[in-house]
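A short worksheet on the structure shown next.
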Amino acid sequence: MELVFSPEQEELRRSVRRFIEARSPLSAVREQMESETGYDASVWRQLADQMGLQSIAIPEEYGGAGSSFVDLAIVLEELGRGLVPSPFFGSVVLAAYALLDAGDDAACRDLLPGIADGSRLATLAFTEDSGSWDLGDITLSAVPERDGWSLTGAKSYVVDGHVADLILVAARTSAGLSLFAVEADASGLTRTELPTLDQTRRLARLVLDGTPARLIGTDGAAETSLARTLDKAAIALAAEQLGGAQAALDMAVDYAKVRQQFDQPIGSFQAIKHKASEMLLRVESARSATYYGMWAVADDGEDVPIVASLVKAYCSEAYFHAAAENIQIHGGIGFTWEHDAHLYFKRAKSAQLFLGDGDFHRENLAERVGI
Amino acid sequence: MEIDLGPEAAAFRTEIRGWIAAHAPAELAAMTDWNAAAMTGGHSVNAEPEQSPEYAAWEQELLDARLICASWPEQYGGRGLGPVENAILTEEFHRAGVPRIRRGFGEGMVGPSLMAHGTAEQQEHFLRRIITAEDVYCQGFSEPDHGSDLGSVETRGVVDGDEIVITGQKVWTSGFYRANMMFVLCRTDTAAPKHRGLSYVLVPFLDNNIEARPLKQMTGAAQFGQEFFDGARAPMFNVVGGLNNGWKVAMTTLGFERGGSATTQHLRFEREFWDLVDLARKLGRERDPLIRQQLAWAYTHVQIMRFSGLRLLSQLAEGRDPGPEASTSKLFWSEYEKRLGEIAIDLLGAEGLVRPEGEGYQVSHWQDVFLASRAGTIYSGTSEIQRNIIAERALGLPREGGHKPAPKPATR
């Protein structure tokens, strides 16, 4: 474990940032917020064809570049910084790791190359109408058919579920929790996009009625494999949160330096300084925790489950704090639709609640450290 | 998970580990828990073992191997250890359960000030005495009317031939009862602008017209003192950095010690955390969801101290300049410690209302943790001062209007 980025990783960060500044500035983000699909397909193609970002952490035998989780997390931090609306998190983090963690070589050979080259969008559907992020609360049932399986039930809060070509569904069989692949055009599948608080990240509700599905991995083994996937996803999401939190801090500090009241920049007042330094304290703490978590995943460390919950709880609250204080420091303009502060505020809340909030993960953490 | 700091660091670790095994007196580690440290200032639980012959033998071994003030450059009697080596030294001593003997203010503040601003003769005379503990320093900066605003100190220093005569009052002096020397910031020019009329003087502390009185703290203990100077004298030789140049000297902080405890400072908090978990279990409250939230919150913060330390050290090992996280560490742990004290006393509930029987104002361990934790966000720069510093230096926010910028310290 090294905890310091290599020159190649620093260059990766710079090139992703440059790309986002050129191709997906916040003005473009706003256009996508109003669009049908919620993301820019041409940006998605460029991310894949020019930069190869979707393939970055997927092993080479499955069509990927075989880089480490650290590289992937760097990309996520930058995507979070720019609030880039894209199916990246659902496809490249949730779905790709659900496949990899299931340990199903044939399924990985069939399904990962399309995810890696960006030609197919995938996602993971595990949450249901209960809104619980706990794998133990999954009820959707799967029954064996003559040549495959059939799924019946509902999934909700499925990220990019309205546009995904491939949906990995967690369902219960007589053997326990299992993972299935469902094609978007499968019979008996109804997808409804949900209007979201955070318009930069779309969610859908799926109803499955005798929908045909392919078993991924071993029947009944998904309780363990999906737990591993969700730990990685928590750290990946924390990387996004870190990027967003830093952007909110930067925005607040830049404004505090130029906004004049009482004939001086508001950033000279201690009331503002103390807010800003508290933001920095939490953002830097979130950075230390997230970077440790990234390397822990890359090194397959034993402490990943503990670190995942710790990092998700802390970063969720650090981002929300930074985004909320950013609005306060901006004053009236920060409360307008026209200003970008609310985009970060809404993303901060959606990322905080998605995959479980601070309370949820602190309870997990207590359990995992043996309290 | 172990952090990879490179082959040189690994070789140094092996060397130190072997050295400890060969030189530490056999009985030393078993005598007491040398790693235990009270939360804030705290009780000196190791006062008695420190009087033992084993401790004295160990101290001599360390002196012979130049492992006291080891981060000082070799020309000043140290070993010139960099921050990474320094951190490894602390880690290995910690692992072996033997004390890392330090020289307090002398090592961390007086020494660096002398190296940066002292004459060759002063360095020759004073530095060696710090290493051997012939001189033990306490700090004479704060005054009853001047804490955060150090530039305004009023204690007077008047030149009288080849001596300087000091009159005034200092306060909040930790470790005064061990000291034989005090480094004093005093006003030697009342006409000059406030930062330009100060001098930094090394003053003999005993039998020198200084009355030192212990100051009872809110915990009931008396660990720091207040001093009344009534014509205390020091040779002009003891003025560091020249007359009226004391502000610059006082602001010299330890550049090379930084990172030294980066990967070990969380350990005392980790120990305290698990003690708190034991308390929750003893009270039968470890399944209470609210208590679990608080415990997980505390665990998170202790681990973040560790992660931040590892990150800092990794950057130093690569020769990179650490980012703004280096300036947030004191604020982070002192605010954490305060909250932890509150969690602990709340957990005690009604039991927290009653003190143990005994002379004076006795308190239980957790009552002490609760009360003592209020100090950390005040000493060495209050949290409010820390936040100002972070805002101005790490974030580049402008200074408050109407005030001239104060001279910037040489190092953070």
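Residues are referred to by chain and number: the chain letter is A, B, ... according to the order shown in the structure tokens, the number counts from 1 in that chain, and ligands are numbered separately from 1 in the order shown.
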
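Contacts from chain A to chain B at a cut-off of 6 Å (only C-alpha atoms) map to Met1, Glu2, Gly267, Ser268, Lys273, His274, Ser277, Leu281, Glu284, Ser288, Ala289, Leu310, Arg362 and Ala366 of chain A.
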
Please write the residues from the selection above to a file, keeping N, CA, C and O atoms, as a short mmCIF file (atom, residue, chain, number, x, y, z; two decimals), in the first residue's frame.
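Generated file (result_35.cif):
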data_model
loop_
_atom_site.label_atom_id
_atom_site.label_comp_id
_atom_site.auth_asym_id
_atom_site.auth_seq_id
_atom_site.Cartn_x
_atom_site.Cartn_y
_atom_site.Cartn_z
N MET A 1 0.83 -1.20 0.00
CA MET A 1 0.00 0.00 0.00
C MET A 1 0.87 1.25 0.00
O MET A 1 1.82 1.36 0.75
N GLU A 2 0.54 2.20 -0.86
CA GLU A 2 1.43 3.35 -1.02
C GLU A 2 0.82 4.69 -0.64
O GLU A 2 1.50 5.57 -0.14
N GLY A 267 -14.85 37.18 2.98
CA GLY A 267 -13.89 36.18 3.44
C GLY A 267 -12.94 36.70 4.50
O GLY A 267 -12.20 35.93 5.11
N SER A 268 -12.93 38.03 4.75
CA SER A 268 -12.08 38.56 5.81
C SER A 268 -12.77 38.46 7.17
O SER A 268 -12.13 38.61 8.20
N LYS A 273 -14.64 32.86 7.72
CA LYS A 273 -13.39 32.08 7.79
C LYS A 273 -13.59 30.78 8.55
O LYS A 273 -13.08 29.73 8.15
N HIS A 274 -14.29 30.87 9.65
CA HIS A 274 -14.46 29.66 10.47
C HIS A 274 -15.33 28.63 9.78
O HIS A 274 -15.10 27.43 9.91
N SER A 277 -12.95 27.12 7.13
CA SER A 277 -11.91 26.22 7.64
C SER A 277 -12.53 24.93 8.16
O SER A 277 -11.91 23.86 8.07
N LEU A 281 -11.46 21.28 6.92
CA LEU A 281 -11.14 20.21 7.87
C LEU A 281 -11.87 18.92 7.49
O LEU A 281 -11.29 17.84 7.44
N GLU A 284 -10.70 17.52 3.95
CA GLU A 284 -9.39 16.86 4.04
C GLU A 284 -9.48 15.54 4.81
O GLU A 284 -8.79 14.58 4.48
N SER A 288 -8.49 11.88 3.32
CA SER A 288 -7.62 10.87 3.95
C SER A 288 -8.33 9.53 4.02
O SER A 288 -7.76 8.48 3.74
N ALA A 289 -9.60 9.57 4.43
CA ALA A 289 -10.36 8.33 4.59
C ALA A 289 -10.62 7.66 3.24
O ALA A 289 -10.44 6.45 3.08
N LEU A 310 -17.19 3.13 7.22
CA LEU A 310 -16.61 4.34 7.84
C LEU A 310 -16.54 5.49 6.82
O LEU A 310 -16.98 6.61 7.09
N ARG A 362 -22.93 3.83 10.18
CA ARG A 362 -22.32 3.78 11.52
C ARG A 362 -22.79 2.53 12.27
O ARG A 362 -22.01 1.90 12.99
N ALA A 366 -20.29 -0.27 13.65
CA ALA A 366 -20.28 -0.78 15.03
C ALA A 366 -20.28 -2.31 15.02
O ALA A 366 -19.51 -2.95 15.74
#

- Task: Can you pull out every residue within 8 Å of Ser261 in chain B, counting only C-alpha atoms, but drop anything in the same chain fewer than 4 positions away, and send it as a count of residues only?
- Result: 4

- Spatial neighbours of Val16 in chain A, max dist 9 Å, only C-alpha atoms, sep filter under 5 positions, as number ranges by chain: A: 11, 21, 47, 51, 53, 74-75, 78-79

- Which polymer residues have any atom within 7 Å of an atom of Ala213 in chain A, counting only C-alpha atoms, with same-chain residues fewer than 3 positions away left out, as number ranges by chain? A: 148-151, 180-182

Residues of the last selection are to be written out with N, CA, C and O atoms, as a CSV table (one decimal), in the first residue's frame.
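After the write, again-v1.csv holds the following:
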chain,number,residue,atom,x,y,z
A,148,GLY,N,-33.7,-21.8,-17.5
A,148,GLY,CA,-33.4,-20.5,-16.9
A,148,GLY,C,-34.2,-20.3,-15.7
A,148,GLY,O,-34.7,-21.2,-15.0
A,149,TRP,N,-34.4,-19.0,-15.4
A,149,TRP,CA,-35.2,-18.6,-14.2
A,149,TRP,C,-36.2,-17.5,-14.5
A,149,TRP,O,-36.2,-16.9,-15.6
A,150,SER,N,-37.2,-17.4,-13.6
A,150,SER,CA,-38.2,-16.4,-13.8
A,150,SER,C,-38.3,-15.6,-12.6
A,150,SER,O,-38.4,-16.1,-11.4
A,151,LEU,N,-38.3,-14.2,-12.8
A,151,LEU,CA,-38.4,-13.3,-11.6
A,151,LEU,C,-39.7,-12.6,-11.5
A,151,LEU,O,-40.2,-12.1,-12.5
A,180,PHE,N,-29.1,-12.3,-10.8
A,180,PHE,CA,-29.6,-12.6,-12.1
A,180,PHE,C,-29.4,-11.5,-13.1
A,180,PHE,O,-29.3,-10.3,-12.7
A,181,ALA,N,-29.2,-11.9,-14.3
A,181,ALA,CA,-29.1,-10.9,-15.4
A,181,ALA,C,-30.4,-10.8,-16.2
A,181,ALA,O,-30.9,-11.9,-16.6
A,182,VAL,N,-30.9,-9.6,-16.3
A,182,VAL,CA,-32.2,-9.4,-17.1
A,182,VAL,C,-31.9,-8.4,-18.2
A,182,VAL,O,-31.3,-7.4,-18.0

- Message: One number please: CA of Ser68 in chain A to CA of Tyr344 in chain A, in Å, one decimal.
- Response: 27.9 Å
